[in-house]
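Trainee: Sending over a structure as C-alpha cells; questions will come in a sec.
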Amino acid sequence: MADTDTPGTTELRLGTGSGIVTRRILNTPLRDALPSEIPIIDVADVYSEDVTKRKAVAEQVRAAAMNTGFFYAKNHGVSEDMIAHTYSTMLDFFHQDLDTKIKADSANTPDHMYGYRPPRSQILSRDEGVDVREAFFWHYDPPRDGESERTYPEYMKGRMTSDQFEDKFKEALVPGLRAALNDYSMHFTKLAHALTRTFALSLDLEEDYFHTAIRHPEVSLTANYYPPIAKPPTPSAASEVSIGSHTDFQFFTILSQDDVGGLQVITREGQWIRAPPIPGTVVVNNGDYMQRITNDKYISSVHRVHNWSGKERMSIPFFWGYALSEKLVVLENCVGEGEEKKYADIGCQEWVEWRMKDMMALNAEA
Ligand SMILES: O=C(O)CCC(=O)C(=O)O
Ligand SMILES: [Fe+2]
C-alpha cells in the first residue's frame, strides 16, 4: 500500500466502476466480520410460493446490500456434493505441472473467456503487489441453461462453446472438467435467477423488473487456486497478495470457498474484516452494476484474499451480469429528494470496455 499520509489511514488506489478512485483504509488491525457486517441470510424462501416470505428474505438482503454489500446465503439449494465434486475436479487440474496447464492458456482463447491463467501474471492492485493466484476461467453455455432462454443472442454468436474449448485443449484438461464446470454453472444460474428477483424486491421494484436484462445473462465463473503465501512482517512490506483489492464488475457475485479462509472485505468505514468460510453457505456480494444502478445506495465492496494459512486454498466465484447488449440505467426510486443521478446511462459492452481500460491504466502506473 502507499505510504500513510493521514494519521490513522492508508491510501488504496482502485480501478472501480467510477474510474480510478482512492480509498482511505483504517490502519486498525484486520479483524473478523461481525454478524451485523456480513450477516447469514436463510434464502430458502426465495423459492417460496408465498410472496410475503420472499419479501422477508428481500428485506434482509436490502439491509446487507446497503451495509457492507456482502452476505452469506444458507439453505441456497445448490447441492454440496456437486460443489465438492467440482472442487476435487479442479484440484486435479491445478495439481498438474505448469507445462501441462499452460497448454490451456486463456491468452489463446478468443476474448479470454476460457482457460488457465498462470500464477504471478496479473496485478489487480498496484499498491499491493503481484497476484499469486492461478485461475481457470469458464463461460456460460446458453444451450445448457435450464432457466434462461436456451438460445444465443446475436452478440454471443461466434463465441467459443465449452465443447469447442474441450476439443481444442483436451491435452491440458482432466477427465470430467467440462461436465463439472457446466454443472456448477447451471446450478448457480438457477440460484442467481432467484436472487435477481430477491434483489428486485429489495429495491421495491416489481419482482421480474430485471427479467429482460438477464434473459440472456452474461455469466462467467473462475476457479481460483491460491498456493499459500508468507505473511509479511508489516502490511507495507507486502510485495505479493493472493488476489489484490478489487470490486467485481457485474450485477452480483455468488462465491463458494473451501474451508481454508483468506477472503477479506472493506467495510463502509474503511475497516478490513475477514469473511471466513461458513459451512453450508455461499457468499453473495454486490458488483459494480448494482452500485451504478442504485446510485451508490448499494455499494460494490472492495475485497481481496491473503492466503496466509500455509495450505492451498480454492474458491469459485460465479459472476452474474446483464447481457452485454443491455444498458445500465440509474433506478428512479434510488434517487432521493434533492439528489441527482450520479451516472449517465451506459451500454454494458461499453461500460465493461471502459472498466477494463481503467484496470489496465492502474496496472501500467509505476
Ligand atoms: O477467493 C475469494 O474468496 C475471492 C475471489 C474474488 O474476489 C474474485 O475472483 O473476484
Ligand atoms: Fe472478486
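Residues in the C-alpha cells are named by chain (A, B, ... in the order shown) and by number from 1 within that chain; ligands are numbered from 1 in the order shown.
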If the limit is 6 Å from any atom of ligand 1, counting only C-alpha atoms and all ligand atoms, which residues qualify? Return them as an MDAnalysis selection string.
Mentor: chainID A and resid 248 263 304:305 315 317
Trainee: Selected residues, C-alpha atoms, written as a compact mmCIF listing (two decimals), in the first residue's frame, please.
Mentor:
```txt
# COMPACT_ATOMS: atom_id res chain seq x y z
CA ASP A 248 -16.44 -7.30 -9.07
CA LEU A 263 -11.17 -13.57 1.96
CA ARG A 304 -9.08 -9.30 -1.65
CA VAL A 305 -7.52 -12.55 -0.48
CA SER A 315 -12.67 -20.56 -4.38
CA PRO A 317 -16.88 -17.08 -7.85
```
Trainee: Hey, which residues come within 12 Å of ligand 2 if we count only C-alpha atoms and all ligand atoms? Could you give them as a PyMOL selection string?
Mentor: chain A and resi 16+70+124+221-224+242-250+252-256+263-265+283-288+300-305+315-320
Trainee: With distances taken over only C-alpha atoms, which residue among A:Arg268, A:His112, A:His95, A:His85 lies nearest Gly176 (chain A)?
Mentor: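 With only C-alpha atoms as the atom set, the closest residue is A:His85.
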Trainee: Just checking: using only C-alpha atoms, which residue out of A:Lys297, A:Val329, A:Ile20, A:Asn27 ends up closest to Thr234 (chain A)?
Mentor: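 Result for the nearest residue to Thr234 (chain A): A:Asn27.
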Trainee: Have a look at CA of Glu11 (chain A) and CA of Arg23 (chain A) and let me know their distance in Å, one decimal.
Mentor: 5.8 Å
Trainee: Hey, what's within 6 Å of region 177-192 of chain A if we count only C-alpha atoms and toss same-chain stuff fewer than 3 positions away? As a list in words, please?
Mentor: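 My list of contacting residues is Thr86, Asp145, Val174, Leu195 and Thr196 of chain A.
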Trainee: Quick one: pick out all alpha helix (DSSP H) residues within region 119-195 of chain A from a backbone DSSP run and write them as a list in words.
Mentor: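 Result set for region 119-195 of chain A (alpha helix (DSSP H)): Ser162, Asp163, Gln164, Phe165, Glu166, Asp167, Lys168, Phe169, Leu177, Arg178, Ala179, Ala180, Leu181, Asn182, Asp183, Tyr184, Ser185, Met186, His187, Phe188, Thr189, Lys190, Leu191, Ala192, His193, Ala194 and Leu195 of chain A.
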Trainee: Name the residues of region 268-339 of chain A that come out as strand (DSSP E or B) in a backbone DSSP run; write them as a PyMOL selection string.
Mentor: chain A and resi 272-274+281-286+303-305+313-321+327-328
Trainee: Rounded to one decimal, what separation in Å do you get between CA of Pro276 (chain A) and CA of Thr68 (chain A)?
Mentor: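 Those two atoms sit 14.9 Å apart.
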Trainee: Need to verify the contact set: Arg24 (chain A), 9 Å, only C-alpha atoms, exclusion of same-chain residues closer than 4 positions in sequence. Can you return it as a list in words?
Mentor: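 So, after excluding close chain neighbours, the residues are Thr6, Thr9, Thr10, Glu11, Leu12, Arg13, Glu269 and Gly270 of chain A.
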Trainee: Provide the CA of Ala58 (chain A) to CA of Ala44 (chain A) distance in Å, to one decimal place.
Mentor: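 Atom-to-atom, CA of Ala58 (chain A) to CA of Ala44 (chain A), that is 11.7 Å.
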Trainee: Could you check which of A:His306, A:Met359, A:Lys231, A:Tyr114 is closest to Trp272 (chain A), using only C-alpha atoms?
Mentor: A:His306
Trainee: Which residue gives the smallest distance to Arg120 (chain A) among A:Tyr226, A:Asn75, A:Met156, A:Asp204, with only C-alpha atoms counted?
Mentor: A:Tyr226
Trainee: Point out the residue among A:Gly69, A:Gly8, A:Gly129, A:Pro217 with the least atom-to-atom distance to Leu26 (chain A), counting only C-alpha atoms.
Mentor: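 Ranked by minimum distance to Leu26 (chain A), first place goes to A:Gly8.
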Trainee: Pick from A:Glu49, A:Glu128, A:Asp32, A:Glu218: nearest to Met113 (chain A), with only C-alpha atoms counted?
Mentor: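 Residue with the minimum atom-to-atom distance to Met113 (chain A): A:Glu218.
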Trainee: I'd like the contact shell of region 349-351 of chain A - 12 Å cut-off, only C-alpha atoms, skipping same-chain residues fewer than 5 positions apart - returned as an NGL selection string.
Mentor: :A and (16-19 or 155-156 or 218 or 249-250 or 288-289 or 292 or 321-329 or 343-344 or 356-358)
Trainee: When you look at Tyr47 (chain A) with a cut-off of 10 Å (counting only C-alpha atoms), what residues show up, excluding the ones that are within fewer than 4 positions of it in the same chain? I need them as number ranges by chain.
Mentor: A: 43, 51, 53-54, 76-77, 191, 194-195, 198
Trainee: Within 12 Å of Val330 (chain A), counting only C-alpha atoms, which residues show up once you throw out same-chain ones fewer than 6 positions away? Write them as a PDB file with all heavy atoms, in the first residue's frame, please.
Mentor:
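Contents of the output file around36.pdb:
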```
ATOM      1  N   TYR A 289     -22.269  -3.047 -11.331  1.00  0.00           N
ATOM      2  CA  TYR A 289     -23.552  -2.659 -11.962  1.00  0.00           C
ATOM      3  C   TYR A 289     -24.553  -2.262 -10.882  1.00  0.00           C
ATOM      4  O   TYR A 289     -25.322  -1.321 -11.032  1.00  0.00           O
ATOM      5  CB  TYR A 289     -24.197  -3.821 -12.732  1.00  0.00           C
ATOM      6  CG  TYR A 289     -23.546  -4.290 -14.008  1.00  0.00           C
ATOM      7  CD1 TYR A 289     -22.342  -3.777 -14.455  1.00  0.00           C
ATOM      8  CD2 TYR A 289     -24.174  -5.276 -14.776  1.00  0.00           C
ATOM      9  CE1 TYR A 289     -21.768  -4.247 -15.632  1.00  0.00           C
ATOM     10  CE2 TYR A 289     -23.615  -5.746 -15.950  1.00  0.00           C
ATOM     11  CZ  TYR A 289     -22.404  -5.234 -16.370  1.00  0.00           C
ATOM     12  OH  TYR A 289     -21.859  -5.714 -17.539  1.00  0.00           O
ATOM     13  N   MET A 290     -24.544  -3.054  -9.808  1.00  0.00           N
ATOM     14  CA  MET A 290     -25.507  -2.831  -8.722  1.00  0.00           C
ATOM     15  C   MET A 290     -25.302  -1.436  -8.116  1.00  0.00           C
ATOM     16  O   MET A 290     -26.252  -0.705  -7.872  1.00  0.00           O
ATOM     17  CB  MET A 290     -25.289  -3.909  -7.655  1.00  0.00           C
ATOM     18  CG  MET A 290     -26.326  -3.976  -6.595  1.00  0.00           C
ATOM     19  SD  MET A 290     -27.795  -4.838  -7.149  1.00  0.00           S
ATOM     20  CE  MET A 290     -27.380  -6.515  -6.761  1.00  0.00           C
ATOM     21  N   GLN A 291     -24.031  -1.098  -7.872  1.00  0.00           N
ATOM     22  CA  GLN A 291     -23.743   0.219  -7.298  1.00  0.00           C
ATOM     23  C   GLN A 291     -24.210   1.324  -8.249  1.00  0.00           C
ATOM     24  O   GLN A 291     -24.810   2.308  -7.835  1.00  0.00           O
ATOM     25  CB  GLN A 291     -22.231   0.363  -7.028  1.00  0.00           C
ATOM     26  CG  GLN A 291     -21.867   1.775  -6.609  1.00  0.00           C
ATOM     27  CD  GLN A 291     -20.544   1.886  -5.889  1.00  0.00           C
ATOM     28  OE1 GLN A 291     -19.974   0.886  -5.468  1.00  0.00           O
ATOM     29  NE2 GLN A 291     -20.056   3.105  -5.731  1.00  0.00           N
ATOM     30  N   ARG A 292     -23.942   1.116  -9.532  1.00  0.00           N
ATOM     31  CA  ARG A 292     -24.268   2.154 -10.513  1.00  0.00           C
ATOM     32  C   ARG A 292     -25.791   2.360 -10.640  1.00  0.00           C
ATOM     33  O   ARG A 292     -26.270   3.480 -10.555  1.00  0.00           O
ATOM     34  CB  ARG A 292     -23.664   1.754 -11.862  1.00  0.00           C
ATOM     35  CG  ARG A 292     -23.693   2.860 -12.867  1.00  0.00           C
ATOM     36  CD  ARG A 292     -22.922   2.499 -14.115  1.00  0.00           C
ATOM     37  NE  ARG A 292     -23.078   3.573 -15.079  1.00  0.00           N
ATOM     38  CZ  ARG A 292     -22.142   4.439 -15.424  1.00  0.00           C
ATOM     39  NH1 ARG A 292     -20.935   4.350 -14.933  1.00  0.00           N
ATOM     40  NH2 ARG A 292     -22.396   5.404 -16.283  1.00  0.00           N
ATOM     41  N   ILE A 293     -26.530   1.282 -10.790  1.00  0.00           N
ATOM     42  CA  ILE A 293     -27.986   1.447 -10.998  1.00  0.00           C
ATOM     43  C   ILE A 293     -28.692   1.915  -9.728  1.00  0.00           C
ATOM     44  O   ILE A 293     -29.762   2.497  -9.794  1.00  0.00           O
ATOM     45  CB  ILE A 293     -28.666   0.169 -11.547  1.00  0.00           C
ATOM     46  CG1 ILE A 293     -28.575  -0.989 -10.555  1.00  0.00           C
ATOM     47  CG2 ILE A 293     -28.115  -0.209 -12.922  1.00  0.00           C
ATOM     48  CD1 ILE A 293     -29.530  -2.121 -10.865  1.00  0.00           C
ATOM     49  N   THR A 294     -28.085   1.671  -8.568  1.00  0.00           N
ATOM     50  CA  THR A 294     -28.728   2.117  -7.320  1.00  0.00           C
ATOM     51  C   THR A 294     -28.205   3.481  -6.870  1.00  0.00           C
ATOM     52  O   THR A 294     -28.499   3.920  -5.760  1.00  0.00           O
ATOM     53  CB  THR A 294     -28.517   1.103  -6.170  1.00  0.00           C
ATOM     54  OG1 THR A 294     -27.118   0.987  -5.899  1.00  0.00           O
ATOM     55  CG2 THR A 294     -29.097  -0.269  -6.492  1.00  0.00           C
ATOM     56  N   ASN A 295     -27.438   4.143  -7.744  1.00  0.00           N
ATOM     57  CA  ASN A 295     -26.925   5.476  -7.415  1.00  0.00           C
ATOM     58  C   ASN A 295     -26.118   5.444  -6.112  1.00  0.00           C
ATOM     59  O   ASN A 295     -26.236   6.345  -5.279  1.00  0.00           O
ATOM     60  CB  ASN A 295     -28.095   6.463  -7.292  1.00  0.00           C
ATOM     61  CG  ASN A 295     -27.768   7.835  -7.846  1.00  0.00           C
ATOM     62  OD1 ASN A 295     -26.961   7.975  -8.762  1.00  0.00           O
ATOM     63  ND2 ASN A 295     -28.400   8.857  -7.272  1.00  0.00           N
ATOM     64  N   ASP A 296     -25.363   4.386  -5.918  1.00  0.00           N
ATOM     65  CA  ASP A 296     -24.497   4.173  -4.741  1.00  0.00           C
ATOM     66  C   ASP A 296     -25.252   3.794  -3.458  1.00  0.00           C
ATOM     67  O   ASP A 296     -24.663   3.805  -2.366  1.00  0.00           O
ATOM     68  CB  ASP A 296     -23.611   5.393  -4.431  1.00  0.00           C
ATOM     69  CG  ASP A 296     -22.584   5.680  -5.503  1.00  0.00           C
ATOM     70  OD1 ASP A 296     -22.440   4.851  -6.422  1.00  0.00           O
ATOM     71  OD2 ASP A 296     -21.936   6.736  -5.409  1.00  0.00           O
ATOM     72  N   LYS A 297     -26.539   3.476  -3.581  1.00  0.00           N
ATOM     73  CA  LYS A 297     -27.264   3.037  -2.380  1.00  0.00           C
ATOM     74  C   LYS A 297     -26.724   1.672  -1.936  1.00  0.00           C
ATOM     75  O   LYS A 297     -26.508   1.426  -0.749  1.00  0.00           O
ATOM     76  CB  LYS A 297     -28.746   2.921  -2.776  1.00  0.00           C
ATOM     77  CG  LYS A 297     -29.695   2.844  -1.637  1.00  0.00           C
ATOM     78  CD  LYS A 297     -31.122   3.025  -2.175  1.00  0.00           C
ATOM     79  CE  LYS A 297     -32.115   2.491  -1.196  1.00  0.00           C
ATOM     80  NZ  LYS A 297     -33.461   2.414  -1.740  1.00  0.00           N
ATOM     81  N   TYR A 298     -26.522   0.792  -2.897  1.00  0.00           N
ATOM     82  CA  TYR A 298     -25.856  -0.488  -2.650  1.00  0.00           C
ATOM     83  C   TYR A 298     -24.430  -0.320  -3.190  1.00  0.00           C
ATOM     84  O   TYR A 298     -24.265   0.009  -4.356  1.00  0.00           O
ATOM     85  CB  TYR A 298     -26.521  -1.624  -3.442  1.00  0.00           C
ATOM     86  CG  TYR A 298     -27.898  -2.055  -3.006  1.00  0.00           C
ATOM     87  CD1 TYR A 298     -28.582  -1.411  -1.978  1.00  0.00           C
ATOM     88  CD2 TYR A 298     -28.518  -3.132  -3.628  1.00  0.00           C
ATOM     89  CE1 TYR A 298     -29.847  -1.838  -1.588  1.00  0.00           C
ATOM     90  CE2 TYR A 298     -29.787  -3.562  -3.251  1.00  0.00           C
ATOM     91  CZ  TYR A 298     -30.441  -2.904  -2.240  1.00  0.00           C
ATOM     92  OH  TYR A 298     -31.690  -3.327  -1.870  1.00  0.00           O
ATOM     93  N   GLY A 336     -32.793  10.041  -4.276  1.00  0.00           N
ATOM     94  CA  GLY A 336     -33.565  10.649  -3.178  1.00  0.00           C
ATOM     95  C   GLY A 336     -33.882  12.114  -3.433  1.00  0.00           C
ATOM     96  O   GLY A 336     -33.365  12.716  -4.380  1.00  0.00           O
ATOM     97  N   GLU A 340     -29.098  13.898  -7.143  1.00  0.00           N
ATOM     98  CA  GLU A 340     -29.058  13.789  -8.602  1.00  0.00           C
ATOM     99  C   GLU A 340     -28.575  12.410  -8.990  1.00  0.00           C
ATOM    100  O   GLU A 340     -27.938  11.730  -8.189  1.00  0.00           O
ATOM    101  CB  GLU A 340     -28.069  14.815  -9.151  1.00  0.00           C
ATOM    102  CG  GLU A 340     -28.546  16.213  -8.877  1.00  0.00           C
ATOM    103  CD  GLU A 340     -27.924  17.227  -9.813  1.00  0.00           C
ATOM    104  OE1 GLU A 340     -26.972  16.852 -10.533  1.00  0.00           O
ATOM    105  OE2 GLU A 340     -28.395  18.364  -9.805  1.00  0.00           O
ATOM    106  N   LYS A 341     -28.877  12.032 -10.227  1.00  0.00           N
ATOM    107  CA  LYS A 341     -28.312  10.780 -10.737  1.00  0.00           C
ATOM    108  C   LYS A 341     -26.806  10.952 -10.856  1.00  0.00           C
ATOM    109  O   LYS A 341     -26.343  11.908 -11.477  1.00  0.00           O
ATOM    110  CB  LYS A 341     -28.874  10.469 -12.133  1.00  0.00           C
ATOM    111  CG  LYS A 341     -30.277   9.957 -12.111  1.00  0.00           C
ATOM    112  CD  LYS A 341     -30.678   9.470 -13.487  1.00  0.00           C
ATOM    113  CE  LYS A 341     -32.141   9.087 -13.431  1.00  0.00           C
ATOM    114  NZ  LYS A 341     -32.678   8.619 -14.707  1.00  0.00           N
ATOM    115  N   LYS A 342     -26.059  10.037 -10.277  1.00  0.00           N
ATOM    116  CA  LYS A 342     -24.602  10.169 -10.326  1.00  0.00           C
ATOM    117  C   LYS A 342     -24.023   9.603 -11.615  1.00  0.00           C
ATOM    118  O   LYS A 342     -22.874   9.848 -11.920  1.00  0.00           O
ATOM    119  CB  LYS A 342     -23.974   9.438  -9.140  1.00  0.00           C
ATOM    120  CG  LYS A 342     -24.358  10.042  -7.801  1.00  0.00           C
ATOM    121  CD  LYS A 342     -23.676   9.303  -6.670  1.00  0.00           C
ATOM    122  CE  LYS A 342     -24.127   9.889  -5.347  1.00  0.00           C
ATOM    123  NZ  LYS A 342     -23.694   9.092  -4.208  1.00  0.00           N
ATOM    124  N   TYR A 343     -24.812   8.815 -12.332  1.00  0.00           N
ATOM    125  CA  TYR A 343     -24.277   8.110 -13.507  1.00  0.00           C
ATOM    126  C   TYR A 343     -25.207   8.255 -14.709  1.00  0.00           C
ATOM    127  O   TYR A 343     -26.426   8.099 -14.590  1.00  0.00           O
ATOM    128  CB  TYR A 343     -24.126   6.617 -13.202  1.00  0.00           C
ATOM    129  CG  TYR A 343     -23.311   6.332 -11.954  1.00  0.00           C
ATOM    130  CD1 TYR A 343     -23.937   5.944 -10.772  1.00  0.00           C
ATOM    131  CD2 TYR A 343     -21.924   6.471 -11.960  1.00  0.00           C
ATOM    132  CE1 TYR A 343     -23.202   5.679  -9.622  1.00  0.00           C
ATOM    133  CE2 TYR A 343     -21.174   6.213 -10.822  1.00  0.00           C
ATOM    134  CZ  TYR A 343     -21.821   5.813  -9.652  1.00  0.00           C
ATOM    135  OH  TYR A 343     -21.092   5.565  -8.523  1.00  0.00           O
ATOM    136  N   ALA A 344     -24.599   8.515 -15.862  1.00  0.00           N
ATOM    137  CA  ALA A 344     -25.368   8.555 -17.112  1.00  0.00           C
ATOM    138  C   ALA A 344     -25.672   7.111 -17.548  1.00  0.00           C
ATOM    139  O   ALA A 344     -24.996   6.180 -17.128  1.00  0.00           O
ATOM    140  CB  ALA A 344     -24.535   9.252 -18.179  1.00  0.00           C
ATOM    141  N   ASP A 345     -26.687   6.960 -18.386  1.00  0.00           N
ATOM    142  CA  ASP A 345     -26.972   5.633 -18.957  1.00  0.00           C
ATOM    143  C   ASP A 345     -25.755   5.185 -19.763  1.00  0.00           C
ATOM    144  O   ASP A 345     -25.135   5.997 -20.442  1.00  0.00           O
ATOM    145  CB  ASP A 345     -28.166   5.683 -19.930  1.00  0.00           C
ATOM    146  CG  ASP A 345     -29.449   6.130 -19.235  1.00  0.00           C
ATOM    147  OD1 ASP A 345     -29.416   6.339 -18.000  1.00  0.00           O
ATOM    148  OD2 ASP A 345     -30.470   6.277 -19.935  1.00  0.00           O
ATOM    149  N   ILE A 346     -25.472   3.913 -19.685  1.00  0.00           N
ATOM    150  CA  ILE A 346     -24.339   3.405 -20.484  1.00  0.00           C
ATOM    151  C   ILE A 346     -24.627   1.961 -20.887  1.00  0.00           C
ATOM    152  O   ILE A 346     -25.198   1.188 -20.095  1.00  0.00           O
ATOM    153  CB  ILE A 346     -23.010   3.545 -19.703  1.00  0.00           C
ATOM    154  CG1 ILE A 346     -21.807   3.216 -20.607  1.00  0.00           C
ATOM    155  CG2 ILE A 346     -22.979   2.663 -18.465  1.00  0.00           C
ATOM    156  CD1 ILE A 346     -20.456   3.613 -20.015  1.00  0.00           C
TER     157      ILE A 346
END
```
